[in-house]
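Structure file protein_26.txt (compact mmCIF, C-alpha atoms and all ligand atoms) is printed below.
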```
# COMPACT_ATOMS: atom_id res chain seq x y z
CA MET X 1 65.95 98.13 138.94
CA SER X 2 68.77 95.62 139.64
CA GLU X 3 72.31 96.88 140.12
CA ASP X 4 73.33 95.44 136.73
CA ALA X 5 70.44 97.06 134.92
CA SER X 6 71.15 100.36 136.60
CA ALA X 7 74.85 100.19 135.59
CA ARG X 8 73.82 99.43 132.02
CA ALA X 9 71.39 102.33 131.98
CA THR X 10 74.08 104.69 133.26
CA ARG X 11 76.47 103.48 130.60
CA ALA X 12 73.84 103.93 127.91
CA ARG X 13 73.28 107.52 128.99
CA GLU X 14 76.97 108.09 128.64
CA LEU X 15 77.06 106.85 125.06
CA ARG X 16 77.93 109.59 122.66
CA HIS X 17 75.23 108.84 120.11
CA GLU X 18 72.60 109.27 122.78
CA ALA X 19 73.96 112.68 123.67
CA LEU X 20 73.63 113.54 119.99
CA GLY X 21 70.06 112.26 119.84
CA LEU X 22 70.88 109.51 117.33
CA GLU X 23 68.63 106.45 117.51
CA PRO X 24 70.18 102.96 117.11
CA GLU X 25 68.36 102.45 113.81
CA ARG X 26 69.91 105.62 112.42
CA LEU X 27 73.37 104.46 113.50
CA LEU X 28 72.88 101.13 111.75
CA THR X 29 71.79 102.94 108.58
CA MET X 30 75.00 104.97 108.72
CA TYR X 31 77.07 101.86 109.33
CA ARG X 32 75.43 100.19 106.34
CA GLN X 33 76.18 103.22 104.16
CA MET X 34 79.86 102.96 105.07
CA VAL X 35 79.97 99.20 104.45
CA LEU X 36 78.21 99.65 101.11
CA ALA X 37 80.58 102.43 100.05
CA ARG X 38 83.58 100.28 100.95
CA ALA X 39 82.17 97.28 99.07
CA ILE X 40 81.52 99.35 95.93
CA ASP X 41 84.91 100.99 96.17
CA ARG X 42 86.76 97.70 96.49
CA ARG X 43 84.84 96.27 93.57
CA MET X 44 85.70 99.14 91.27
CA TRP X 45 89.39 98.45 91.81
CA VAL X 46 88.80 94.83 90.83
CA LEU X 47 86.99 96.03 87.70
CA ASN X 48 89.90 98.32 86.97
CA ARG X 49 92.46 95.53 87.34
CA GLN X 50 90.27 93.33 85.13
CA GLY X 51 90.53 95.97 82.43
CA LYS X 52 86.80 96.75 82.58
CA ALA X 53 87.06 100.20 84.17
CA PRO X 54 89.84 102.32 82.68
CA PHE X 55 90.13 104.70 85.65
CA VAL X 56 88.95 104.66 89.26
CA ILE X 57 89.48 106.99 92.19
CA SER X 58 88.68 105.98 95.69
CA GLY X 59 87.13 107.14 98.96
CA GLN X 60 88.42 104.33 101.17
CA GLY X 61 89.39 105.78 104.54
CA HIS X 62 87.13 108.83 104.09
CA GLU X 63 83.80 107.06 104.77
CA ALA X 64 83.14 108.22 108.35
CA ALA X 65 83.75 111.86 107.45
CA GLN X 66 81.33 111.65 104.54
CA VAL X 67 78.56 109.61 106.13
CA GLY X 68 78.78 111.65 109.34
CA ALA X 69 78.47 114.90 107.39
CA ALA X 70 75.65 113.62 105.17
CA ALA X 71 73.63 112.64 108.23
CA ALA X 72 73.46 116.29 109.25
CA LEU X 73 71.89 117.35 105.92
CA ARG X 74 68.36 117.08 104.58
CA PRO X 75 68.68 114.98 101.40
CA GLY X 76 67.08 116.68 98.40
CA VAL X 77 66.86 120.02 100.25
CA ASP X 78 70.41 120.96 101.19
CA TRP X 79 73.04 120.91 98.46
CA LEU X 80 76.26 119.04 97.93
CA CYS X 81 78.96 120.13 95.50
CA PRO X 82 81.09 117.03 95.92
CA TYR X 83 84.58 116.00 94.92
CA TYR X 84 85.78 112.74 93.44
CA ARG X 85 86.23 110.88 96.75
CA ASP X 86 82.63 111.50 97.86
CA LEU X 87 81.15 108.10 97.01
CA ALA X 88 79.92 107.45 100.57
CA PHE X 89 78.57 111.01 100.85
CA CYS X 90 76.60 110.63 97.62
CA LEU X 91 75.28 107.17 98.55
CA ALA X 92 74.05 108.59 101.85
CA LEU X 93 72.19 111.32 99.96
CA GLY X 94 70.51 108.97 97.51
CA LEU X 95 72.91 107.76 94.81
CA THR X 96 72.44 104.01 94.27
CA PRO X 97 75.11 101.37 93.63
CA LEU X 98 73.65 100.93 90.15
CA ASP X 99 73.84 104.68 89.46
CA PHE X 100 77.49 104.53 90.39
CA MET X 101 78.33 101.37 88.43
CA LEU X 102 76.72 102.88 85.33
CA SER X 103 79.34 105.61 85.58
CA VAL X 104 82.17 103.14 86.16
CA PHE X 105 81.21 101.38 82.91
CA ALA X 106 80.50 104.74 81.17
CA ARG X 107 76.93 103.76 80.26
CA ARG X 108 74.21 105.90 78.69
CA ASP X 109 71.96 105.86 81.75
CA ASP X 110 74.67 106.98 84.17
CA PRO X 111 72.84 109.82 86.00
CA SER X 112 76.07 111.71 86.69
CA SER X 113 76.99 112.45 83.09
CA GLY X 114 75.53 109.81 80.76
CA GLY X 115 78.95 108.16 80.61
CA ARG X 116 80.66 111.37 79.50
CA GLN X 117 82.80 112.06 82.54
CA MET X 118 85.16 109.74 84.39
CA PRO X 119 83.60 107.78 87.25
CA SER X 120 83.33 109.61 90.61
CA HIS X 121 82.43 112.91 88.96
CA PHE X 122 79.13 112.77 90.79
CA SER X 123 75.87 114.47 89.95
CA LEU X 124 72.30 113.65 90.94
CA PRO X 125 69.94 116.60 90.51
CA LYS X 126 67.03 115.05 92.44
CA ALA X 127 69.31 114.64 95.47
CA HIS X 128 70.66 118.18 95.06
CA ILE X 129 74.11 116.87 94.17
CA ALA X 130 75.64 119.27 91.65
CA THR X 131 77.95 118.14 88.88
CA THR X 132 81.70 118.19 89.45
CA SER X 133 84.57 119.24 87.23
CA SER X 134 87.91 117.43 87.17
CA THR X 135 89.55 120.78 87.80
CA VAL X 136 89.95 120.78 91.55
CA ALA X 137 88.22 123.37 93.78
CA THR X 138 85.88 124.70 91.08
CA GLN X 139 83.02 123.18 93.07
CA VAL X 140 83.72 125.62 95.90
CA ILE X 141 82.56 128.52 93.74
CA HIS X 142 79.45 126.58 92.71
CA ALA X 143 78.48 125.87 96.32
CA VAL X 144 79.01 129.50 97.30
CA GLY X 145 76.77 130.55 94.39
CA ILE X 146 74.09 128.08 95.47
CA ALA X 147 74.24 129.39 99.03
CA TYR X 148 73.97 132.96 97.71
CA ALA X 149 70.93 131.99 95.62
CA ALA X 150 69.29 130.28 98.59
CA ARG X 151 69.75 133.45 100.61
CA ALA X 152 68.38 135.63 97.79
CA ARG X 153 65.32 133.40 97.44
CA GLY X 154 64.65 133.32 101.16
CA LEU X 155 65.13 129.53 101.33
CA ASP X 156 66.66 127.85 104.36
CA GLU X 157 68.87 125.56 102.25
CA VAL X 158 72.51 125.04 103.11
CA ALA X 159 75.23 124.39 100.52
CA VAL X 160 78.08 122.05 101.36
CA THR X 161 81.19 121.44 99.33
CA CYS X 162 84.06 119.02 99.83
CA VAL X 163 87.68 119.36 98.75
CA GLY X 164 91.00 117.78 99.60
CA GLU X 165 93.56 119.73 101.60
CA GLY X 166 95.78 120.16 98.52
CA SER X 167 92.95 121.87 96.66
CA THR X 168 92.86 124.62 99.28
CA SER X 169 95.95 126.05 97.59
CA LYS X 170 93.83 127.01 94.59
CA GLY X 171 92.50 130.50 94.05
CA ASP X 172 88.90 129.30 93.73
CA TRP X 173 89.00 128.07 97.30
CA HIS X 174 90.21 131.41 98.68
CA GLU X 175 87.82 133.45 96.55
CA GLY X 176 84.88 131.24 97.44
CA LEU X 177 85.52 131.31 101.17
CA ASN X 178 86.11 135.04 101.14
CA PHE X 179 82.81 135.68 99.35
CA ALA X 180 80.94 133.33 101.71
CA GLY X 181 82.43 135.14 104.71
CA VAL X 182 81.61 138.60 103.38
CA HIS X 183 77.96 137.68 102.77
CA ARG X 184 77.56 135.39 105.82
CA LEU X 185 76.24 132.66 103.52
CA PRO X 186 74.71 129.30 104.53
CA PHE X 187 77.84 127.58 103.22
CA ILE X 188 80.01 124.80 104.63
CA CYS X 189 83.35 123.72 103.24
CA ILE X 190 84.49 120.29 104.38
CA VAL X 191 88.16 119.71 103.74
CA GLN X 192 88.94 116.00 103.75
CA ASP X 193 92.57 116.17 104.75
CA ASN X 194 94.22 112.87 103.87
CA ASP X 195 97.78 114.22 104.14
CA TYR X 196 98.51 114.00 100.43
CA ALA X 197 97.72 115.71 97.17
CA ILE X 198 98.70 112.87 94.86
CA SER X 199 102.36 112.60 96.03
CA VAL X 200 102.71 116.03 97.68
CA PRO X 201 102.55 115.75 101.48
CA HIS X 202 100.63 118.13 103.70
CA ARG X 203 103.82 119.77 105.05
CA LEU X 204 104.79 120.89 101.53
CA GLN X 205 101.28 122.16 100.82
CA MET X 206 100.81 124.55 103.74
CA GLY X 207 102.59 125.91 106.78
CA VAL X 208 99.81 125.06 109.23
CA ASP X 209 98.72 121.74 110.77
CA SER X 210 95.13 122.37 109.81
CA VAL X 211 93.82 124.61 107.08
CA ALA X 212 91.04 125.49 109.57
CA ALA X 213 93.54 128.05 110.89
CA ARG X 214 92.74 130.14 107.82
CA ALA X 215 89.03 130.41 108.58
CA ALA X 216 89.48 133.52 110.72
CA GLY X 217 90.98 135.28 107.71
CA TYR X 218 87.68 134.82 105.88
CA GLY X 219 85.50 135.76 108.82
CA MET X 220 84.15 132.31 109.48
CA ALA X 221 84.33 129.60 112.08
CA GLY X 222 87.00 126.95 111.54
CA VAL X 223 86.99 123.54 113.20
CA THR X 224 89.25 120.53 112.94
CA VAL X 225 87.77 117.11 113.64
CA ASP X 226 88.99 113.54 113.64
CA GLY X 227 87.55 112.43 110.29
CA GLY X 228 87.75 108.78 111.33
CA ASP X 229 85.17 109.48 114.01
CA LEU X 230 81.72 109.49 112.42
CA LEU X 231 79.99 110.99 115.44
CA ALA X 232 82.50 113.83 115.75
CA VAL X 233 81.99 114.77 112.10
CA TYR X 234 78.22 114.53 112.46
CA GLU X 235 78.30 116.82 115.47
CA ALA X 236 80.53 119.42 113.79
CA THR X 237 78.47 119.40 110.61
CA ARG X 238 75.17 119.60 112.44
CA GLU X 239 76.38 122.66 114.30
CA ALA X 240 77.57 124.24 111.04
CA VAL X 241 74.23 123.48 109.36
CA GLU X 242 72.28 125.05 112.23
CA LYS X 243 74.52 128.06 112.06
CA GLY X 244 74.09 128.43 108.29
CA ARG X 245 70.34 127.94 108.43
CA SER X 246 69.84 130.50 111.14
CA GLY X 247 71.78 133.21 109.27
CA ARG X 248 74.91 132.99 111.43
CA GLY X 249 77.24 132.44 108.49
CA PRO X 250 79.57 129.85 106.97
CA THR X 251 81.84 127.22 108.53
CA LEU X 252 85.07 125.58 107.47
CA ILE X 253 85.41 122.02 108.75
CA VAL X 254 88.64 120.10 108.37
CA ALA X 255 88.24 116.35 108.76
CA LYS X 256 91.52 114.50 109.16
CA VAL X 257 91.20 111.22 107.27
CA ALA X 258 93.31 108.39 105.88
CA ARG X 259 93.80 107.76 102.16
CA PHE X 260 93.88 103.97 102.02
CA THR X 261 94.52 103.66 98.31
CA SER X 262 96.90 105.33 95.95
CA HIS X 263 95.64 108.65 94.60
CA SER X 264 93.95 106.88 91.69
CA SER X 265 94.27 103.72 89.66
CA ASP X 266 97.09 105.47 87.74
CA ASP X 267 99.23 105.97 90.84
CA ASP X 268 101.32 103.85 93.22
CA GLN X 269 101.72 105.41 96.65
CA ARG X 270 104.41 102.92 97.67
CA ARG X 271 106.78 104.99 95.54
CA TYR X 272 106.48 108.06 97.77
CA ARG X 273 105.18 106.90 101.17
CA PRO X 274 107.48 104.90 103.47
CA PRO X 275 106.20 101.43 104.45
CA GLU X 276 105.91 102.36 108.16
CA GLU X 277 103.74 105.34 107.29
CA LEU X 278 101.49 103.21 105.09
CA GLU X 279 101.19 100.58 107.78
CA ALA X 280 100.21 103.12 110.46
CA MET X 281 97.77 104.84 108.12
CA LEU X 282 96.03 101.59 107.21
CA ARG X 283 95.27 101.02 110.89
CA ARG X 284 93.01 104.10 110.84
CA ASP X 285 90.02 102.30 109.36
CA PRO X 286 86.83 104.31 109.98
CA VAL X 287 84.53 101.40 109.13
CA GLU X 288 86.18 99.11 111.66
CA ARG X 289 86.18 101.91 114.20
CA PHE X 290 82.44 102.49 113.92
CA ARG X 291 81.79 98.74 113.96
CA THR X 292 83.69 98.48 117.24
CA TYR X 293 81.70 101.39 118.66
CA LEU X 294 78.41 99.73 117.73
CA GLN X 295 79.53 96.38 119.12
CA GLN X 296 80.65 97.92 122.40
CA ALA X 297 77.29 99.69 122.67
CA SER X 298 75.59 96.29 122.07
CA LEU X 299 73.90 97.66 118.95
CA LEU X 300 75.48 95.28 116.43
CA SER X 301 75.84 91.53 116.83
CA ASP X 302 78.26 89.46 114.75
CA GLN X 303 75.28 87.95 112.92
CA ASP X 304 73.83 91.37 112.10
CA ASP X 305 77.20 92.50 110.83
CA GLU X 306 77.57 89.38 108.69
CA ARG X 307 74.10 89.98 107.24
CA ILE X 308 74.83 93.64 106.44
CA GLN X 309 78.11 92.69 104.74
CA GLN X 310 76.38 90.02 102.67
CA GLU X 311 73.51 92.29 101.65
CA CYS X 312 75.96 94.96 100.53
CA THR X 313 78.02 92.47 98.54
CA SER X 314 74.88 91.17 96.80
CA GLU X 315 73.78 94.71 96.03
CA VAL X 316 77.14 95.42 94.42
CA ASP X 317 77.03 92.13 92.47
CA ARG X 318 73.63 93.06 91.05
CA ALA X 319 74.67 96.61 90.19
CA VAL X 320 77.78 95.38 88.35
CA GLN X 321 75.81 92.79 86.44
CA ILE X 322 73.17 95.28 85.26
CA ALA X 323 75.64 98.10 84.52
CA GLU X 324 77.98 95.89 82.54
CA ALA X 325 75.10 94.75 80.30
CA ALA X 326 73.68 98.28 79.93
CA GLU X 327 73.70 100.35 76.73
CA PRO X 328 76.67 102.58 75.94
CA PRO X 329 75.97 106.25 75.10
CA ASP X 330 74.72 106.97 71.61
CA ALA X 331 77.59 108.28 69.44
CA SER X 332 75.23 110.71 67.71
CA ASP X 333 74.79 112.85 70.84
CA ILE X 334 78.49 113.24 71.57
CA TYR X 335 78.21 117.06 71.46
CA ARG X 336 75.33 117.28 73.93
CA HIS X 337 76.24 119.55 76.87
CA VAL X 338 79.21 120.78 74.82
CA PHE X 339 77.47 123.04 72.28
CA SER X 340 74.12 124.79 72.56
CA GLU X 341 71.29 122.82 70.96
CA SER X 342 68.80 125.67 70.92
CA GLY X 343 70.85 128.71 69.83
CA PRO X 344 71.26 130.00 66.30
CA GLY X 345 72.88 127.44 63.98
C1 LIG C 1 93.48 122.77 88.86
C2 LIG C 1 93.96 121.37 88.90
N1 LIG C 1 95.27 121.14 89.09
C3 LIG C 1 95.73 119.87 89.14
C4 LIG C 1 94.86 118.81 88.99
C5 LIG C 1 95.37 117.39 89.06
N2 LIG C 1 94.97 116.84 90.34
C6 LIG C 1 93.87 116.06 90.44
S1 LIG C 1 93.61 115.59 92.00
C7 LIG C 1 94.97 116.39 92.57
C8 LIG C 1 95.35 116.34 94.02
C9 LIG C 1 94.35 116.91 94.92
O1 LIG C 1 94.73 116.66 96.24
P1 LIG C 1 93.77 116.99 97.43
O2 LIG C 1 93.10 118.26 97.19
O3 LIG C 1 94.54 116.86 98.68
O4 LIG C 1 92.66 115.87 97.33
P2 LIG C 1 92.81 114.29 97.52
O5 LIG C 1 92.96 113.72 96.15
O6 LIG C 1 94.00 114.05 98.36
O7 LIG C 1 91.58 113.85 98.18
C10 LIG C 1 95.61 117.04 91.54
C11 LIG C 1 96.84 117.83 91.70
C12 LIG C 1 93.50 119.10 88.78
N3 LIG C 1 92.60 118.13 88.62
N4 LIG C 1 93.06 120.39 88.74
MG MG C 2 94.62 115.24 99.97
```
Using structure tokens, write down the structure that the file contains.
Ligand SMILES: Cc1ncc(C[n+]2csc(CCOP(=O)(O)OP(=O)(O)O)c2C)c(N)n1
Ligand SMILES: [Mg+2]
Amino acid sequence: MSEDASARATRARELRHEALGLEPERLLTMYRQMVLARAIDRRMWVLNRQGKAPFVISGQGHEAAQVGAAAALRPGVDWLCPYYRDLAFCLALGLTPLDFMLSVFARRDDPSSGGRQMPSHFSLPKAHIATTSSTVATQVIHAVGIAYAARARGLDEVAVTCVGEGSTSKGDWHEGLNFAGVHRLPFICIVQDNDYAISVPHRLQMGVDSVAARAAGYGMAGVTVDGGDLLAVYEATREAVEKGRSGRGPTLIVAKVARFTSHSSDDDQRRYRPPEELEAMLRRDPVERFRTYLQQASLLSDQDDERIQQECTSEVDRAVQIAEAAEPPDASDIYRHVFSESGPG
């Protein structure tokens, strides 16, 4: 082996993805999932500003945390009780751009709710993604219940839920984590801490830097990771999944992320975040960060990147075109899922 080749081999061994056992192809799939999520997310804001989508809520800045966590799960086996920023998480588990756009346009065939809920209230039963309520933190209780059921049935499934840091102030979160700790459930709570709950900053939400500090109070492991670092989140989640699956109890993971957009399309974060803070936050782009990692590891050429970007854009174009032309829900079934259809009367 020449000196150059030997130096390259040494460097390759030192690469973090290799230590984690992640093949280059897998990394490119993850990168593509992030690029696709970003492309869809950007497009939905355009649709909102065009007056075609009345409300959108975004996951930009959270992609590495979500794709990294999803990579540690078995799609269709483990469970996700998501929250409204989990677009990239759901795409990585099997939601398609068309599925999502059908919800943005509130169409009949939207798999999440048949156009009944706002977009980003994800649900995809075949991918084991459970439906979400707008009421924050209710999904924590659902995930704990799923983990309890998995245990009772002797299945090795793990239930994951995601919330924002602000939602950890709600009773459901505390009750859910307490129950999971008591019963040592295969449960993982991923807090995507983006520093804000709408306009309320982290420091006014809790007296600790990371809500992971509370894990000990529920008898579970608590870890804080850099949520802009896909590999760090993958590693933390994989460890938590192994722990849950082998009966060693639940884990609380706090992923520190950036919220690139305002809370929702009905908000303007420039009114409560100083310009310097916004500028610094926008430099924490997880997609760019992973791209740089791949380029430095010689796993992604400029041409490959260009191709991936173009493919994702075309996929979004197609999804928008089909969803926009799709049928709206039938007015006659407006009460479905509201009142019982089989009970008396
Ligand atoms: C019980 C409840 N209270 C208030 C709201 C309104 N609300 C929706 S999102 C949100 C902020 C949540 O912040 P955080 O948990 O940090 O998540 P993020 O949006 O920052 O990702 C609030 C207060 C709600 N949906 N449910
Ligand atoms: Mg938040």
Could you produce a table of the residues of chain X lying within 8 Å of ligand MG 2 (chain C), with the nearest pair of atoms per residue and their separation in Å rounded to one decimal, using only C-alpha atoms and all ligand atoms, ordered by chain and increasing residue number, as a Markdown table?
```
| residue | atom | partner | partner_atom | distance |
| --- | --- | --- | --- | --- |
| X:Gly164 | CA | C:MG2 | MG | 4.4 |
| X:Glu165 | CA | C:MG2 | MG | 4.9 |
| X:Gly166 | CA | C:MG2 | MG | 5.3 |
| X:Ser167 | CA | C:MG2 | MG | 7.6 |
| X:Gln192 | CA | C:MG2 | MG | 6.9 |
| X:Asp193 | CA | C:MG2 | MG | 5.3 |
| X:Asn194 | CA | C:MG2 | MG | 4.6 |
| X:Asp195 | CA | C:MG2 | MG | 5.3 |
| X:Tyr196 | CA | C:MG2 | MG | 4.1 |
| X:Ala197 | CA | C:MG2 | MG | 4.2 |
| X:Ile198 | CA | C:MG2 | MG | 7.0 |
| X:His202 | CA | C:MG2 | MG | 7.6 |
| X:Arg259 | CA | C:MG2 | MG | 7.8 |
```
Test item: residues at most 10 Å from X:Tyr84, only C-alpha atoms, excluding those fewer than 4 positions along its chain, as an MDAnalysis selection string: chainID X and resid 56:59 118:122 132:134 136 162:164
Restrict the selected residues to C-alpha atoms and save them as an mmCIF file, keeping the file's coordinate frame.
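Below you can see again-v9.cif, which holds the result:
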```
data_model
loop_
_atom_site.group_PDB
_atom_site.id
_atom_site.type_symbol
_atom_site.label_atom_id
_atom_site.label_comp_id
_atom_site.auth_asym_id
_atom_site.auth_seq_id
_atom_site.Cartn_x
_atom_site.Cartn_y
_atom_site.Cartn_z
ATOM 1 C CA VAL X 56 88.950 104.660 89.260
ATOM 2 C CA ILE X 57 89.480 106.990 92.190
ATOM 3 C CA SER X 58 88.680 105.980 95.690
ATOM 4 C CA GLY X 59 87.130 107.140 98.960
ATOM 5 C CA MET X 118 85.160 109.740 84.390
ATOM 6 C CA PRO X 119 83.600 107.780 87.250
ATOM 7 C CA SER X 120 83.330 109.610 90.610
ATOM 8 C CA HIS X 121 82.430 112.910 88.960
ATOM 9 C CA PHE X 122 79.130 112.770 90.790
ATOM 10 C CA THR X 132 81.700 118.190 89.450
ATOM 11 C CA SER X 133 84.570 119.240 87.230
ATOM 12 C CA SER X 134 87.910 117.430 87.170
ATOM 13 C CA VAL X 136 89.950 120.780 91.550
ATOM 14 C CA CYS X 162 84.060 119.020 99.830
ATOM 15 C CA VAL X 163 87.680 119.360 98.750
ATOM 16 C CA GLY X 164 91.000 117.780 99.600
#
```
Near-X:Glu239 list (12 Å; only C-alpha atoms; drop same-chain fewer than 3 positions) as a PyMOL selection string: chain X and resi 20+69+72-73+186+188+221-223+232-236+242-246+248-253
Among listed residues X:Phe260, X:Thr135, X:Trp173, X:Gly114, nearest X:Ile334 (using only C-alpha atoms):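 Closest candidate: X:Gly114.
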For atom CA of X:Val160 and atom CA of X:Leu80, the interatomic separation in Å (one decimal):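 Between atom CA of X:Val160 and atom CA of X:Leu80 the gap works out to 4.9 Å.
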Go ahead and fit an axis-aligned box to every listed atom of stretch 309-318 of chain X plus 5 Å each side, and pass me the centre and edge lengths in Å, one decimal, as JSON.
```
{"center_x": 75.8, "center_y": 92.7, "center_z": 97.9, "size_x": 14.6, "size_y": 15.4, "size_z": 23.7}
```
Computed interatomic separation between atom CA of X:Arg32 and atom CA of X:Ala92 (Å): 9.6 Å
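We find atom O4 of ligand LIG 1 (chain C) and atom CA of X:Glu315 to be spaced 28.4 Å apart.
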Best match for closeness to ligand LIG 1 (chain C) among X:Asp156, X:Asp266, X:Asp4, X:Asp110, counting all atoms listed in the file: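 Distance minimum relative to ligand LIG 1 (chain C) lands on X:Asp266.
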Nearest candidate to X:Pro82 (options X:Gly207, X:Ala143, X:Gly227, X:Met44; using only C-alpha atoms):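 The shortest atom-to-atom distance to X:Pro82 comes from X:Ala143.
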Exercise: residues within 12 Å of coordinate (86.3, 96.1, 95.0), counting only C-alpha atoms, as a VMD selection string: chain X and resid 35 to 50 53 56 to 60 101 261 312 to 313 316 to 317 320
Those same residues - C-alpha atoms - I'd like them written as a CSV table (one decimal), in the frame of the given file.
```csv
chain,number,residue,atom,x,y,z
X,35,VAL,CA,80.0,99.2,104.4
X,36,LEU,CA,78.2,99.6,101.1
X,37,ALA,CA,80.6,102.4,100.0
X,38,ARG,CA,83.6,100.3,101.0
X,39,ALA,CA,82.2,97.3,99.1
X,40,ILE,CA,81.5,99.4,95.9
X,41,ASP,CA,84.9,101.0,96.2
X,42,ARG,CA,86.8,97.7,96.5
X,43,ARG,CA,84.8,96.3,93.6
X,44,MET,CA,85.7,99.1,91.3
X,45,TRP,CA,89.4,98.4,91.8
X,46,VAL,CA,88.8,94.8,90.8
X,47,LEU,CA,87.0,96.0,87.7
X,48,ASN,CA,89.9,98.3,87.0
X,49,ARG,CA,92.5,95.5,87.3
X,50,GLN,CA,90.3,93.3,85.1
X,53,ALA,CA,87.1,100.2,84.2
X,56,VAL,CA,89.0,104.7,89.3
X,57,ILE,CA,89.5,107.0,92.2
X,58,SER,CA,88.7,106.0,95.7
X,59,GLY,CA,87.1,107.1,99.0
X,60,GLN,CA,88.4,104.3,101.2
X,101,MET,CA,78.3,101.4,88.4
X,261,THR,CA,94.5,103.7,98.3
X,312,CYS,CA,76.0,95.0,100.5
X,313,THR,CA,78.0,92.5,98.5
X,316,VAL,CA,77.1,95.4,94.4
X,317,ASP,CA,77.0,92.1,92.5
X,320,VAL,CA,77.8,95.4,88.4
```
Residues near stretch 280-289 of chain X, cut-off 9 Å, all atoms listed in the file, skip fewer than 3 positions along chain, as a list in words: Tyr31, Met34, Val35, Arg38, Gln60, Gly61, His62, Glu63, Ala64, Ala65, Gly227, Gly228, Asp229, Leu230, Val257, Ala258, Arg259, Phe260, Pro275, Glu276, Glu277, Thr292, Tyr293 and Leu294 of chain X
Among the residues X:Pro111, X:Gly94, X:Gly171, X:Gly343, the one that comes closest to ligand LIG 1 (chain C) [using all atoms listed in the file]: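 Among the listed residues, the smallest separation from ligand LIG 1 (chain C) belongs to X:Gly171.
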X:Ala106 surroundings by all atoms listed in the file, 7 Å radius, close-in-sequence under 4 positions cut, as a PyMOL selection string: chain X and resi 102+110+115-116+328
Pick from X:Glu157, X:Ala149, X:Asp99, X:Gly21, whichever lies nearest to X:Trp79 using only C-alpha atoms: X:Glu157
Spatial neighbours of X:Glu175, max dist 12 Å, only C-alpha atoms, sep filter under 2 positions, as a PyMOL selection string: chain X and resi 137-142+144-145+168-173+177-182+217-218
Given only C-alpha atoms and all ligand atoms as the counted atoms, nearest of X:Leu278, X:Leu204, X:Val77, X:Leu93 to ligand LIG 1 (chain C):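 Counting only C-alpha atoms and all ligand atoms, the residue closest to ligand LIG 1 (chain C) is X:Leu204.
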Please write N, CA and C atoms of stretch 159-170 of chain X, from the structure given just now, as an mmCIF file, in the first residue's frame.
```cif
data_model
loop_
_atom_site.group_PDB
_atom_site.id
_atom_site.type_symbol
_atom_site.label_atom_id
_atom_site.label_comp_id
_atom_site.auth_asym_id
_atom_site.auth_seq_id
_atom_site.Cartn_x
_atom_site.Cartn_y
_atom_site.Cartn_z
ATOM 1 N N ALA X 159 -41.559 2.242 21.411
ATOM 2 C CA ALA X 159 -42.397 3.398 21.055
ATOM 3 C C ALA X 159 -41.627 4.688 21.312
ATOM 4 N N VAL X 160 -41.605 5.515 20.259
ATOM 5 C CA VAL X 160 -40.890 6.799 20.336
ATOM 6 C C VAL X 160 -41.902 7.926 20.220
ATOM 7 N N THR X 161 -41.720 8.958 21.000
ATOM 8 C CA THR X 161 -42.539 10.144 20.794
ATOM 9 C C THR X 161 -41.639 11.365 20.738
ATOM 10 N N CYS X 162 -42.098 12.391 20.032
ATOM 11 C CA CYS X 162 -41.351 13.649 19.957
ATOM 12 C C CYS X 162 -42.210 14.788 20.477
ATOM 13 N N VAL X 163 -41.569 15.697 21.173
ATOM 14 C CA VAL X 163 -42.235 16.926 21.633
ATOM 15 C C VAL X 163 -41.229 18.067 21.557
ATOM 16 N N GLY X 164 -41.744 19.276 21.648
ATOM 17 C CA GLY X 164 -40.860 20.437 21.784
ATOM 18 C C GLY X 164 -40.548 20.638 23.259
ATOM 19 N N GLU X 165 -39.533 21.468 23.534
ATOM 20 C CA GLU X 165 -39.142 21.658 24.945
ATOM 21 C C GLU X 165 -40.259 22.351 25.729
ATOM 22 N N GLY X 166 -41.013 23.232 25.065
ATOM 23 C CA GLY X 166 -42.090 23.936 25.775
ATOM 24 C C GLY X 166 -43.169 22.971 26.245
ATOM 25 N N SER X 167 -43.397 21.948 25.468
ATOM 26 C CA SER X 167 -44.452 20.975 25.780
ATOM 27 C C SER X 167 -44.107 20.118 26.990
ATOM 28 N N THR X 168 -42.849 20.162 27.430
ATOM 29 C CA THR X 168 -42.483 19.380 28.615
ATOM 30 C C THR X 168 -43.010 20.041 29.888
ATOM 31 N N SER X 169 -43.612 21.210 29.754
ATOM 32 C CA SER X 169 -44.234 21.835 30.928
ATOM 33 C C SER X 169 -45.627 21.282 31.171
ATOM 34 N N LYS X 170 -46.117 20.501 30.234
ATOM 35 C CA LYS X 170 -47.497 19.983 30.385
ATOM 36 C C LYS X 170 -47.559 18.727 31.243
#
```
